[in-house]
>>> print(open('entry_37.txt').read())   # compact mmCIF, C-alpha atoms and all ligand atoms
# COMPACT_ATOMS: atom_id res chain seq x y z
CA MET A 1 -194.87 21.26 -178.24
CA ARG A 2 -192.89 23.33 -180.69
CA SER A 3 -194.80 26.52 -180.12
CA ASP A 4 -194.49 26.06 -176.33
CA GLU A 5 -190.75 25.80 -176.72
CA HIS A 6 -190.82 28.87 -178.89
CA ASP A 7 -192.73 30.81 -176.28
CA ARG A 8 -190.58 29.81 -173.35
CA LEU A 9 -188.93 32.66 -171.46
CA TYR A 10 -185.58 31.53 -170.08
CA LEU A 11 -183.81 32.93 -167.05
CA SER A 12 -180.72 34.26 -168.83
CA PRO A 13 -180.10 32.75 -172.27
CA PRO A 14 -177.12 33.62 -174.51
CA HIS A 15 -177.57 36.82 -176.53
CA LEU A 16 -175.35 36.84 -179.59
CA GLY A 17 -174.55 39.92 -181.64
CA ARG A 18 -173.59 40.21 -185.30
CA HIS A 19 -169.81 40.01 -185.13
CA GLU A 20 -169.14 36.71 -183.33
CA LEU A 21 -169.34 34.90 -186.67
CA ASN A 22 -166.73 37.20 -188.24
CA TYR A 23 -164.18 36.25 -185.60
CA LEU A 24 -165.03 32.55 -185.99
CA HIS A 25 -164.81 32.78 -189.80
CA LYS A 26 -161.42 34.43 -189.66
CA ALA A 27 -160.07 31.77 -187.28
CA ILE A 28 -161.28 28.96 -189.55
CA GLU A 29 -160.11 30.66 -192.76
CA ASP A 30 -156.66 31.15 -191.23
CA ASN A 31 -156.69 27.54 -189.93
CA TRP A 32 -156.16 29.06 -186.49
CA VAL A 33 -158.46 26.77 -184.55
CA ALA A 34 -155.77 25.71 -182.10
CA PRO A 35 -153.81 25.98 -179.92
CA VAL A 36 -153.71 29.64 -178.88
CA GLY A 37 -154.10 32.44 -181.43
CA PRO A 38 -155.13 35.99 -182.31
CA ASN A 39 -158.68 35.72 -180.92
CA LEU A 40 -157.34 34.58 -177.57
CA ASP A 41 -154.85 37.48 -177.42
CA GLY A 42 -157.54 39.90 -178.57
CA PHE A 43 -160.12 38.69 -176.06
CA GLU A 44 -157.60 38.92 -173.22
CA GLN A 45 -156.71 42.48 -174.27
CA ASP A 46 -160.39 43.44 -174.44
CA LEU A 47 -160.99 42.14 -170.90
CA ALA A 48 -157.85 43.69 -169.41
CA GLN A 49 -158.70 47.03 -170.98
CA TYR A 50 -162.35 46.95 -169.93
CA THR A 51 -161.57 46.11 -166.30
CA GLY A 52 -158.41 48.21 -166.13
CA ARG A 53 -156.27 45.22 -165.12
CA GLY A 54 -152.65 44.83 -166.24
CA HIS A 55 -153.04 41.21 -167.37
CA CYS A 56 -155.70 38.70 -168.31
CA VAL A 57 -155.48 34.97 -168.98
CA ALA A 58 -158.50 33.37 -170.66
CA LEU A 59 -159.32 29.90 -169.32
CA SER A 60 -161.80 27.09 -169.91
CA SER A 61 -164.12 28.17 -167.06
CA GLY A 62 -164.56 30.49 -164.12
CA THR A 63 -164.12 27.49 -161.85
CA ALA A 64 -160.71 26.75 -163.43
CA ALA A 65 -159.78 30.41 -162.87
CA ILE A 66 -160.67 30.18 -159.16
CA HIS A 67 -158.68 26.94 -158.90
CA LEU A 68 -155.53 28.47 -160.42
CA GLY A 69 -156.03 31.73 -158.51
CA LEU A 70 -156.07 29.90 -155.17
CA LEU A 71 -153.04 27.87 -156.26
CA LEU A 72 -151.15 31.13 -156.96
CA LEU A 73 -152.05 32.34 -153.48
CA GLY A 74 -150.41 29.24 -152.04
CA VAL A 75 -153.55 27.46 -150.83
CA GLY A 76 -152.80 23.81 -150.07
CA PRO A 77 -153.72 20.86 -147.84
CA GLY A 78 -154.75 21.86 -144.32
CA ASP A 79 -155.27 25.55 -145.17
CA GLU A 80 -158.51 27.48 -144.87
CA VAL A 81 -160.15 29.92 -147.29
CA ILE A 82 -162.90 32.38 -146.31
CA VAL A 83 -165.87 32.06 -148.67
CA PRO A 84 -169.28 33.77 -148.53
CA SER A 85 -171.99 31.22 -147.76
CA PHE A 86 -174.36 32.93 -150.20
CA THR A 87 -172.89 31.99 -153.59
CA PHE A 88 -172.81 29.34 -156.30
CA VAL A 89 -170.97 26.14 -155.34
CA ALA A 90 -168.28 26.89 -157.96
CA THR A 91 -166.83 29.53 -155.61
CA ALA A 92 -166.06 26.89 -152.96
CA ASN A 93 -165.36 23.68 -154.89
CA PRO A 94 -161.79 24.67 -155.92
CA VAL A 95 -160.90 25.18 -152.23
CA ARG A 96 -161.50 21.45 -151.78
CA TYR A 97 -159.63 20.55 -155.03
CA LEU A 98 -156.55 21.91 -153.25
CA GLY A 99 -157.14 19.94 -150.05
CA ALA A 100 -158.11 23.06 -148.12
CA GLU A 101 -161.36 23.77 -146.27
CA PRO A 102 -163.81 26.65 -146.83
CA VAL A 103 -164.89 28.76 -143.84
CA PHE A 104 -168.30 30.28 -144.56
CA VAL A 105 -169.31 33.83 -143.68
CA ASP A 106 -172.86 35.23 -143.77
CA SER A 107 -174.21 38.05 -145.95
CA GLU A 108 -175.31 41.51 -144.88
CA ALA A 109 -178.82 42.60 -145.80
CA ASP A 110 -178.03 45.62 -148.04
CA THR A 111 -175.89 44.03 -150.78
CA TRP A 112 -176.48 40.33 -149.92
CA ASN A 113 -172.68 39.96 -150.01
CA LEU A 114 -169.98 39.34 -147.36
CA CYS A 115 -170.86 40.91 -144.02
CA PRO A 116 -167.82 42.87 -142.76
CA GLU A 117 -168.72 42.25 -139.10
CA ARG A 118 -169.08 38.48 -139.51
CA LEU A 119 -165.87 38.53 -141.56
CA ARG A 120 -163.93 40.18 -138.75
CA GLU A 121 -165.40 37.71 -136.28
CA ALA A 122 -164.38 34.77 -138.48
CA LEU A 123 -160.81 36.00 -139.06
CA THR A 124 -160.34 36.82 -135.37
CA GLU A 125 -161.47 33.36 -134.29
CA ARG A 126 -159.55 31.45 -136.99
CA GLN A 127 -156.42 33.34 -135.92
CA ARG A 128 -157.05 32.58 -132.23
CA LEU A 129 -157.49 28.88 -133.09
CA GLY A 130 -154.14 28.94 -134.91
CA LYS A 131 -155.67 28.17 -138.33
CA SER A 132 -153.87 28.98 -141.56
CA VAL A 133 -156.26 31.23 -143.51
CA LYS A 134 -154.52 31.59 -146.89
CA ALA A 135 -157.11 33.54 -148.86
CA LEU A 136 -160.48 35.26 -148.83
CA ILE A 137 -162.92 35.09 -151.75
CA VAL A 138 -165.28 38.03 -152.18
CA VAL A 139 -168.31 37.52 -154.47
CA HIS A 140 -170.60 40.12 -156.08
CA LEU A 141 -173.86 38.18 -156.18
CA TYR A 142 -176.17 38.82 -159.13
CA GLY A 143 -173.77 41.63 -160.10
CA MET A 144 -174.27 43.72 -156.94
CA PRO A 145 -170.88 45.02 -155.70
CA ALA A 146 -169.87 43.78 -152.25
CA ARG A 147 -168.76 46.26 -149.52
CA LEU A 148 -165.28 46.31 -150.97
CA ALA A 149 -163.74 49.14 -148.92
CA GLU A 150 -164.58 47.40 -145.64
CA VAL A 151 -163.79 43.87 -146.85
CA LEU A 152 -160.42 44.85 -148.36
CA ALA A 153 -159.45 46.82 -145.24
CA ILE A 154 -160.23 43.90 -142.92
CA ALA A 155 -158.38 41.45 -145.20
CA ALA A 156 -155.33 43.75 -145.19
CA GLU A 157 -155.47 44.09 -141.42
CA PHE A 158 -155.29 40.29 -141.06
CA GLY A 159 -152.75 39.91 -143.90
CA VAL A 160 -155.06 37.69 -145.99
CA PRO A 161 -154.94 38.11 -149.80
CA VAL A 162 -158.25 38.60 -151.63
CA LEU A 163 -159.47 36.74 -154.71
CA GLU A 164 -162.40 38.54 -156.33
CA ASP A 165 -165.03 36.20 -157.81
CA ALA A 166 -166.58 38.61 -160.32
CA ALA A 167 -168.17 35.76 -162.32
CA GLU A 168 -171.59 37.45 -162.16
CA ALA A 169 -170.35 41.02 -162.14
CA LEU A 170 -168.70 41.99 -165.45
CA GLY A 171 -169.87 45.52 -166.18
CA SER A 172 -170.56 46.48 -162.55
CA ARG A 173 -168.61 49.29 -160.86
CA TYR A 174 -167.67 50.19 -157.33
CA ARG A 175 -166.86 53.89 -156.77
CA GLN A 176 -166.36 54.26 -160.55
CA GLN A 177 -163.88 51.35 -160.69
CA PRO A 178 -164.84 48.26 -162.73
CA LEU A 179 -165.38 45.02 -160.83
CA GLY A 180 -162.82 42.45 -161.92
CA SER A 181 -160.04 44.81 -160.82
CA PHE A 182 -160.15 44.45 -157.01
CA GLY A 183 -157.94 42.28 -154.81
CA ALA A 184 -154.82 40.35 -155.79
CA LEU A 185 -156.63 38.34 -158.46
CA SER A 186 -160.04 38.50 -160.12
CA VAL A 187 -162.13 35.84 -161.82
CA LEU A 188 -164.68 36.16 -164.63
CA SER A 189 -167.01 33.54 -166.14
CA PHE A 190 -168.41 33.28 -169.67
CA ASN A 191 -170.70 30.37 -168.94
CA GLY A 192 -173.88 30.18 -171.04
CA ASN A 193 -176.13 32.18 -168.73
CA LYS A 194 -173.71 34.97 -167.73
CA ILE A 195 -173.99 38.55 -169.01
CA ILE A 196 -171.66 37.67 -171.92
CA THR A 197 -170.81 34.13 -172.95
CA THR A 198 -168.32 32.10 -174.98
CA SER A 199 -170.60 29.05 -174.46
CA GLY A 200 -168.15 28.13 -171.72
CA GLY A 201 -165.08 29.95 -170.48
CA GLY A 202 -163.50 32.07 -167.81
CA ALA A 203 -160.60 34.40 -167.09
CA LEU A 204 -158.11 35.21 -164.37
CA LEU A 205 -157.05 38.87 -164.09
CA THR A 206 -154.14 40.38 -162.21
CA ASP A 207 -151.77 43.34 -162.26
CA GLU A 208 -148.73 41.08 -161.73
CA ALA A 209 -147.04 40.00 -164.97
CA ALA A 210 -145.35 37.08 -163.19
CA TRP A 211 -148.70 35.73 -161.98
CA ALA A 212 -150.18 35.93 -165.48
CA ALA A 213 -147.17 34.05 -166.88
CA ARG A 214 -147.45 31.41 -164.18
CA THR A 215 -151.19 31.03 -164.88
CA ARG A 216 -150.47 30.40 -168.58
CA PHE A 217 -147.81 27.86 -167.58
CA LEU A 218 -150.07 25.98 -165.16
CA ALA A 219 -153.04 26.08 -167.56
CA THR A 220 -151.06 24.34 -170.34
CA GLN A 221 -149.75 21.26 -168.47
CA ALA A 222 -146.83 23.09 -166.80
CA ARG A 223 -144.40 22.40 -169.60
CA ASP A 224 -140.79 23.38 -168.86
CA ALA A 225 -138.70 25.24 -171.44
CA ALA A 226 -137.19 22.31 -173.35
CA PRO A 227 -137.57 20.92 -176.91
CA HIS A 228 -138.99 17.64 -175.55
CA TYR A 229 -141.90 17.33 -173.10
CA GLN A 230 -140.29 18.09 -169.76
CA HIS A 231 -142.29 18.56 -166.53
CA SER A 232 -141.20 19.44 -163.01
CA GLU A 233 -144.61 20.50 -161.69
CA GLN A 234 -148.20 19.33 -161.88
CA GLY A 235 -150.18 21.25 -164.50
CA TYR A 236 -153.71 21.49 -165.88
CA ASN A 237 -155.42 21.69 -169.26
CA TYR A 238 -157.37 24.88 -168.61
CA ARG A 239 -156.76 27.19 -171.59
CA LEU A 240 -159.69 28.68 -173.56
CA SER A 241 -159.72 27.76 -177.26
CA ASN A 242 -159.04 30.37 -179.93
CA LEU A 243 -162.47 29.62 -181.46
CA LEU A 244 -164.41 30.30 -178.27
CA ALA A 245 -162.33 33.41 -177.65
CA GLY A 246 -163.63 34.63 -181.03
CA ILE A 247 -167.18 34.48 -179.69
CA GLY A 248 -165.92 36.37 -176.64
CA ARG A 249 -164.48 39.18 -178.79
CA GLY A 250 -167.82 39.63 -180.52
CA GLN A 251 -169.57 39.65 -177.14
CA MET A 252 -167.17 42.20 -175.65
CA GLU A 253 -168.08 44.70 -178.40
CA LEU A 254 -171.56 44.70 -176.88
CA ILE A 255 -170.90 44.58 -173.14
CA GLU A 256 -172.06 48.16 -172.44
CA ASP A 257 -175.32 47.58 -174.39
CA ARG A 258 -175.90 44.36 -172.48
CA VAL A 259 -175.44 46.05 -169.09
CA LYS A 260 -177.70 48.90 -170.14
CA ARG A 261 -180.47 46.50 -171.19
CA ARG A 262 -180.22 44.36 -168.01
CA ARG A 263 -180.51 47.55 -165.96
CA GLU A 264 -183.54 48.66 -167.98
CA ILE A 265 -185.19 45.28 -167.42
CA TYR A 266 -184.54 45.58 -163.67
CA ALA A 267 -186.00 49.11 -163.62
CA LEU A 268 -189.09 48.01 -165.55
CA TYR A 269 -189.73 45.09 -163.19
CA GLN A 270 -189.31 47.48 -160.28
CA GLU A 271 -191.79 49.97 -161.69
CA LEU A 272 -194.42 47.37 -162.65
CA LEU A 273 -194.13 45.36 -159.43
CA ARG A 274 -194.17 48.37 -157.08
CA PRO A 275 -197.96 48.16 -156.49
CA LEU A 276 -197.64 44.57 -155.22
CA GLU A 277 -197.17 44.69 -151.45
CA ALA A 278 -196.39 40.97 -151.30
CA LEU A 279 -192.94 41.34 -152.80
CA HIS A 280 -190.13 43.72 -153.41
CA VAL A 281 -187.46 43.98 -156.10
CA GLY A 282 -183.90 44.32 -154.81
CA PRO A 283 -181.26 44.64 -153.48
CA ALA A 284 -181.18 48.42 -153.95
CA GLU A 285 -178.10 50.07 -155.40
CA ALA A 286 -176.02 52.38 -153.18
CA ASP A 287 -175.06 55.82 -154.58
CA ASP A 288 -171.45 54.88 -155.22
CA VAL A 289 -172.00 51.67 -157.21
CA ARG A 290 -173.37 50.50 -160.55
CA ALA A 291 -174.75 46.95 -160.54
CA ASN A 292 -174.91 45.16 -163.90
CA ARG A 293 -178.25 43.64 -162.77
CA TRP A 294 -177.25 40.28 -164.26
CA LEU A 295 -180.43 38.83 -162.76
CA THR A 296 -183.42 40.69 -161.39
CA THR A 297 -184.23 39.19 -157.99
CA ILE A 298 -187.33 39.57 -155.80
CA LEU A 299 -188.03 38.92 -152.14
CA LEU A 300 -191.45 37.94 -150.81
CA ARG A 301 -192.79 39.73 -147.75
CA PRO A 302 -194.29 36.96 -145.56
CA GLU A 303 -196.25 39.60 -143.60
CA HIS A 304 -198.20 40.34 -146.80
CA THR A 305 -198.50 36.90 -148.43
CA SER A 306 -198.58 33.21 -147.60
CA ARG A 307 -197.21 32.27 -151.03
CA THR A 308 -193.69 30.86 -151.14
CA PRO A 309 -191.05 31.39 -153.83
CA GLU A 310 -191.68 27.78 -154.90
CA ASP A 311 -195.42 28.54 -155.40
CA LEU A 312 -194.42 31.45 -157.63
CA ARG A 313 -191.84 29.41 -159.50
CA GLN A 314 -194.36 26.65 -160.24
CA HIS A 315 -196.98 29.14 -161.38
CA LEU A 316 -194.48 30.83 -163.71
CA GLU A 317 -193.49 27.38 -165.01
CA ARG A 318 -197.14 26.74 -165.95
CA ARG A 319 -196.93 29.94 -168.01
CA ASN A 320 -193.76 28.61 -169.66
CA ILE A 321 -191.55 31.08 -167.80
CA GLU A 322 -188.33 29.93 -166.17
CA ALA A 323 -187.55 31.33 -162.71
CA ARG A 324 -185.05 29.99 -160.16
CA PRO A 325 -184.60 30.13 -156.41
CA LEU A 326 -181.72 32.25 -155.13
CA TRP A 327 -178.48 30.31 -154.52
CA LYS A 328 -178.97 27.92 -151.63
CA PRO A 329 -176.40 28.96 -148.99
CA LEU A 330 -173.36 26.72 -148.94
CA HIS A 331 -173.38 26.29 -145.15
CA LEU A 332 -176.75 24.52 -145.65
CA GLN A 333 -175.43 22.14 -148.32
CA PRO A 334 -174.77 18.50 -147.34
CA LEU A 335 -171.41 18.79 -149.15
CA PHE A 336 -170.21 21.37 -146.62
CA ALA A 337 -171.99 20.17 -143.48
CA ALA A 338 -168.67 19.87 -141.64
CA ALA A 339 -167.23 23.26 -142.70
CA PRO A 340 -167.06 26.08 -140.12
CA ALA A 341 -169.62 28.87 -140.59
CA TYR A 342 -169.99 32.36 -139.07
CA GLY A 343 -173.60 33.55 -138.97
CA GLY A 344 -175.84 32.26 -141.72
CA GLN A 345 -179.30 33.52 -140.76
CA VAL A 346 -179.21 36.49 -143.13
CA CYS A 347 -178.55 34.46 -146.28
CA ALA A 348 -180.82 31.62 -145.13
CA ASP A 349 -183.64 34.17 -144.81
CA LEU A 350 -182.92 35.62 -148.28
CA PHE A 351 -182.93 32.09 -149.73
CA SER A 352 -186.28 31.30 -148.10
CA ARG A 353 -187.97 34.40 -149.55
CA GLY A 354 -186.21 35.02 -152.87
CA LEU A 355 -186.60 34.25 -156.55
CA CYS A 356 -184.63 35.11 -159.73
CA LEU A 357 -186.76 36.32 -162.65
CA PRO A 358 -186.01 36.04 -166.37
CA SER A 359 -183.48 38.78 -167.09
CA GLY A 360 -181.83 38.05 -170.44
CA SER A 361 -180.72 41.13 -172.37
CA ALA A 362 -182.73 40.00 -175.45
CA MET A 363 -186.01 40.26 -173.50
CA THR A 364 -188.53 42.81 -174.76
CA ASP A 365 -190.60 45.06 -172.51
CA ALA A 366 -193.59 42.86 -173.47
CA ASP A 367 -191.72 39.81 -172.13
CA VAL A 368 -191.17 41.60 -168.82
CA ARG A 369 -194.89 42.49 -168.71
CA ARG A 370 -195.75 38.85 -169.33
CA VAL A 371 -193.71 37.79 -166.26
CA VAL A 372 -195.27 40.57 -164.16
CA GLN A 373 -198.77 39.53 -165.28
CA ALA A 374 -198.06 35.92 -164.24
CA LEU A 375 -196.84 37.12 -160.83
CA ARG A 376 -199.94 39.26 -160.37
CA GLU A 377 -202.19 36.26 -161.10
CA THR A 378 -200.68 34.26 -158.30
CA LEU A 379 -200.36 37.01 -155.68
C1 LIG A 401 -170.85 31.05 -162.78
C2 LIG A 401 -170.12 31.25 -161.51
C3 LIG A 401 -168.86 30.66 -161.28
C4 LIG A 401 -168.26 29.61 -162.16
O1 LIG A 401 -168.07 29.90 -163.46
P1 LIG A 401 -168.01 28.74 -164.56
O2 LIG A 401 -167.49 29.45 -165.76
O3 LIG A 401 -169.40 28.22 -164.73
O4 LIG A 401 -167.07 27.67 -164.08
C5 LIG A 401 -168.19 30.97 -160.12
N1 LIG A 401 -168.72 31.80 -159.21
C6 LIG A 401 -169.92 32.35 -159.37
C7 LIG A 401 -170.43 33.28 -158.31
C8 LIG A 401 -170.68 32.08 -160.51
O5 LIG A 401 -171.90 32.61 -160.65
>>> encode(input="entry_37.txt", output="structure tokens", more="lines below")
Ligand SMILES: *Cc1c(COP(=O)(O)O)cnc(C)c1O
Amino acid sequence: MRSDEHDRLYLSPPHLGRHELNYLHKAIEDNWVAPVGPNLDGFEQDLAQYTGRGHCVALSSGTAAIHLGLLLLGVGPGDEVIVPSFTFVATANPVRYLGAEPVFVDSEADTWNLCPERLREALTERQRLGKSVKALIVVHLYGMPARLAEVLAIAAEFGVPVLEDAAEALGSRYRQQPLGSFGALSVLSFNGNKIITTSGGGALLTDEAAWAARTRFLATQARDAAPHYQHSEQGYNYRLSNLLAGIGRGQMELIEDRVKRRREIYALYQELLRPLEALHVGPAEADDVRANRWLTTILLRPEHTSRTPEDLRQHLERRNIEARPLWKPLHLQPLFAAAPAYGGQVCADLFSRGLCLPSGSAMTDADVRRVVQALRETL
């Protein structure tokens, strides 16, 4: 049992460096475990500087950041929010926390992200139906930048503010500009399997000082300026702890190394899997972007194989290798059966043919070869 556990290759496990402990030590030595503190300020500065954003507020999760971001954009009961169907459920859940309804839009085949044509169709029809579309969430799935120029132009044309869910995309760039800096507000996640982690955490980024201040206010129970506990608005307990921010500071020292290694792993998979006609590694990167390659993803070619992604996943599992299906599109989830959807065939097809391979930045080339060998056996 023990040696099996030791041998297991996980999808994207945490990869700690050498300095996380220094930041934790300092916080404990200084008795600065709570509430806020120097690690939190430092981590926020690191993130703002790295993304080129004016302000950053570190929060307890990416989901909390999406929740507060939508609140800042005025989303409330009866409103609608455009959400890509092809994403993790955490992108859409906060829409419902606020009593609003998601409207799902399909992917396009090149980036797997929001399709500009379907987006225009959705916004045109929602407008014609007299719906109140308060926000649009753009996601960069698996770290691949969405078609931002088109998406932002269409959003501006319809007067809909954009929230960028860059939870999977720290370290990616679009036309030289870091993801996490597009739209009115951006969200990051430091969940355990993301490219850097604080064990759990997130951040909301913006260029508006007033929005950052309001985020801090809402994330700490919306306490009015008074010596006693005075409250005029509903608040939340969403702030990241100073201890976890210390882990984040150590992780941010290494972000460029982590991106470099994930990209190398992707390139090695691509090279070693090229001879296999039954599958292909992708999506490909356009000339004007850099994807962080958070996860390496493959698509089966049904014209060359009868194996399904689930066959592959089970075979890898027998070799003690963790692989996962792509995100199941949200328009196909029972939770969102009643939500409007525009298109959906593109992401449903990707889901039916795709698989995420182990991609952690601590993987060795030999680990990648082991996964490739297991795939060869079954194809
Ligand atoms: C991980 C993730 C989130 C949520 O982040 P948490 O920190 O886990 O709450 C949101 N959106 C996407 C696309 C994600 O992958």
>>> residues_near_point(input="entry_37.txt", point="(-162.8, 41.7, -178.2)", cutoff="8 Å", atoms="only C-alpha atoms", output="list of chain:residue names")
A:Asn39, A:Gly42, A:Phe43, A:Glu44, A:Gln45, A:Asp46, A:Leu47, A:Gly246, A:Gly248, A:Arg249, A:Gly250, A:Gln251, A:Met252, A:Glu253
>>> residues_near_ligand(input="entry_37.txt", ligand="ligand LIG 401 (chain A)", cutoff="6 Å", atoms="all atoms listed in the file", output="number ranges by chain")
A: 61-63, 87-88, 90-91, 165, 167-168, 189-191, 201-202
>>> residues_around(input="entry_37.txt", residues="A:Glu322", least_positions_apart="5", cutoff="9 Å", atoms="only C-alpha atoms", output="ChimeraX atom specification")
/A:8-11,313,316-317,357-358
>>> residues_around(input="entry_37.txt", residues="A:Leu71", least_positions_apart="5", cutoff="12 Å", atoms="all atoms listed in the file", output="MDAnalysis selection string")
chainID A and resid 64:66 76:77 79 81 94:100 134:135 163 185 211 214:215 218:219 234:236
>>> residues_around(input="entry_37.txt", residues="A:Ser172", least_positions_apart="5", cutoff="12 Å", atoms="all atoms listed in the file", output="mmCIF file with C-alpha atoms, in the frame of the given file")
data_model
loop_
_atom_site.group_PDB
_atom_site.id
_atom_site.type_symbol
_atom_site.label_atom_id
_atom_site.label_comp_id
_atom_site.auth_asym_id
_atom_site.auth_seq_id
_atom_site.Cartn_x
_atom_site.Cartn_y
_atom_site.Cartn_z
ATOM 1 C CA TYR A 50 -162.350 46.950 -169.930
ATOM 2 C CA THR A 51 -161.570 46.110 -166.300
ATOM 3 C CA HIS A 140 -170.600 40.120 -156.080
ATOM 4 C CA LEU A 141 -173.860 38.180 -156.180
ATOM 5 C CA TYR A 142 -176.170 38.820 -159.130
ATOM 6 C CA GLY A 143 -173.770 41.630 -160.100
ATOM 7 C CA MET A 144 -174.270 43.720 -156.940
ATOM 8 C CA PRO A 145 -170.880 45.020 -155.700
ATOM 9 C CA ALA A 146 -169.870 43.780 -152.250
ATOM 10 C CA ALA A 166 -166.580 38.610 -160.320
ATOM 11 C CA ALA A 167 -168.170 35.760 -162.320
ATOM 12 C CA GLN A 177 -163.880 51.350 -160.690
ATOM 13 C CA PRO A 178 -164.840 48.260 -162.730
ATOM 14 C CA LEU A 179 -165.380 45.020 -160.830
ATOM 15 C CA GLY A 180 -162.820 42.450 -161.920
ATOM 16 C CA SER A 181 -160.040 44.810 -160.820
ATOM 17 C CA PHE A 182 -160.150 44.450 -157.010
ATOM 18 C CA ILE A 195 -173.990 38.550 -169.010
ATOM 19 C CA ILE A 255 -170.900 44.580 -173.140
ATOM 20 C CA GLU A 256 -172.060 48.160 -172.440
ATOM 21 C CA ARG A 258 -175.900 44.360 -172.480
ATOM 22 C CA VAL A 259 -175.440 46.050 -169.090
ATOM 23 C CA LYS A 260 -177.700 48.900 -170.140
ATOM 24 C CA ARG A 262 -180.220 44.360 -168.010
ATOM 25 C CA ARG A 263 -180.510 47.550 -165.960
ATOM 26 C CA GLU A 285 -178.100 50.070 -155.400
ATOM 27 C CA ASP A 288 -171.450 54.880 -155.220
ATOM 28 C CA VAL A 289 -172.000 51.670 -157.210
ATOM 29 C CA ARG A 290 -173.370 50.500 -160.550
ATOM 30 C CA ALA A 291 -174.750 46.950 -160.540
ATOM 31 C CA ASN A 292 -174.910 45.160 -163.900
ATOM 32 C CA ARG A 293 -178.250 43.640 -162.770
ATOM 33 C CA TRP A 294 -177.250 40.280 -164.260
#
>>> atom_distance(input="entry_37.txt", atom1="atom CA of A:Pro161", atom2="atom CA of A:Val133")
9.4 Å
>>> atom_distance(input="entry_37.txt", atom1="atom CA of A:Leu332", atom2="atom CA of A:Ser306")
23.6 Å
>>> residues_around(input="entry_37.txt", residues="A:Ser85", least_positions_apart="2", cutoff="12 Å", atoms="only C-alpha atoms", output="PyMOL selection string")
chain A and resi 81-83+87-92+102-108+112-115+118-119+137-139+141+327-333+336-337+339-348+350-351
>>> residues_around(input="entry_37.txt", residues="stretch 297-305 of chain A", least_positions_apart="5", cutoff="6 Å", atoms="all atoms listed in the file", output="ChimeraX atom specification")
/A:278-282,353-356
>>> decode(input="entry_37.txt", residues="stretch 254-258 of chain A", atoms="all heavy atoms", output="mmCIF file, in the first residue's frame")
data_model
loop_
_atom_site.group_PDB
_atom_site.id
_atom_site.type_symbol
_atom_site.label_atom_id
_atom_site.label_comp_id
_atom_site.auth_asym_id
_atom_site.auth_seq_id
_atom_site.Cartn_x
_atom_site.Cartn_y
_atom_site.Cartn_z
ATOM 1 N N LEU A 254 8.483 31.946 -7.119
ATOM 2 C CA LEU A 254 8.803 30.866 -8.049
ATOM 3 C C LEU A 254 7.890 30.807 -9.262
ATOM 4 O O LEU A 254 8.010 29.882 -10.074
ATOM 5 C CB LEU A 254 8.693 29.527 -7.292
ATOM 6 C CG LEU A 254 9.649 29.393 -6.114
ATOM 7 C CD1 LEU A 254 9.196 28.285 -5.184
ATOM 8 C CD2 LEU A 254 11.059 29.125 -6.630
ATOM 9 N N ILE A 255 6.973 31.776 -9.389
ATOM 10 C CA ILE A 255 5.934 31.638 -10.414
ATOM 11 C C ILE A 255 6.522 31.448 -11.824
ATOM 12 O O ILE A 255 6.071 30.586 -12.574
ATOM 13 C CB ILE A 255 4.901 32.804 -10.360
ATOM 14 C CG1 ILE A 255 3.843 32.673 -11.445
ATOM 15 C CG2 ILE A 255 5.558 34.162 -10.415
ATOM 16 C CD1 ILE A 255 2.882 31.548 -11.290
ATOM 17 N N GLU A 256 7.565 32.212 -12.168
ATOM 18 C CA GLU A 256 8.114 32.071 -13.526
ATOM 19 C C GLU A 256 8.713 30.680 -13.754
ATOM 20 O O GLU A 256 8.568 30.100 -14.828
ATOM 21 C CB GLU A 256 9.139 33.164 -13.827
ATOM 22 C CG GLU A 256 8.505 34.495 -14.260
ATOM 23 C CD GLU A 256 7.548 34.370 -15.466
ATOM 24 O OE1 GLU A 256 7.976 33.860 -16.525
ATOM 25 O OE2 GLU A 256 6.380 34.769 -15.333
ATOM 26 N N ASP A 257 9.381 30.121 -12.723
ATOM 27 C CA ASP A 257 9.915 28.755 -12.832
ATOM 28 C C ASP A 257 8.790 27.749 -13.037
ATOM 29 O O ASP A 257 8.929 26.789 -13.802
ATOM 30 C CB ASP A 257 10.647 28.345 -11.546
ATOM 31 C CG ASP A 257 11.933 29.114 -11.353
ATOM 32 O OD1 ASP A 257 12.388 29.745 -12.323
ATOM 33 O OD2 ASP A 257 12.467 29.090 -10.225
ATOM 34 N N ARG A 258 7.695 27.982 -12.296
ATOM 35 C CA ARG A 258 6.573 27.029 -12.366
ATOM 36 C C ARG A 258 5.942 27.042 -13.766
ATOM 37 O O ARG A 258 5.591 25.987 -14.304
ATOM 38 C CB ARG A 258 5.516 27.356 -11.311
ATOM 39 C CG ARG A 258 6.006 27.248 -9.868
ATOM 40 C CD ARG A 258 6.622 25.896 -9.567
ATOM 41 N NE ARG A 258 6.913 25.736 -8.149
ATOM 42 C CZ ARG A 258 8.119 25.478 -7.650
ATOM 43 N NH1 ARG A 258 9.165 25.373 -8.447
ATOM 44 N NH2 ARG A 258 8.281 25.318 -6.352
#
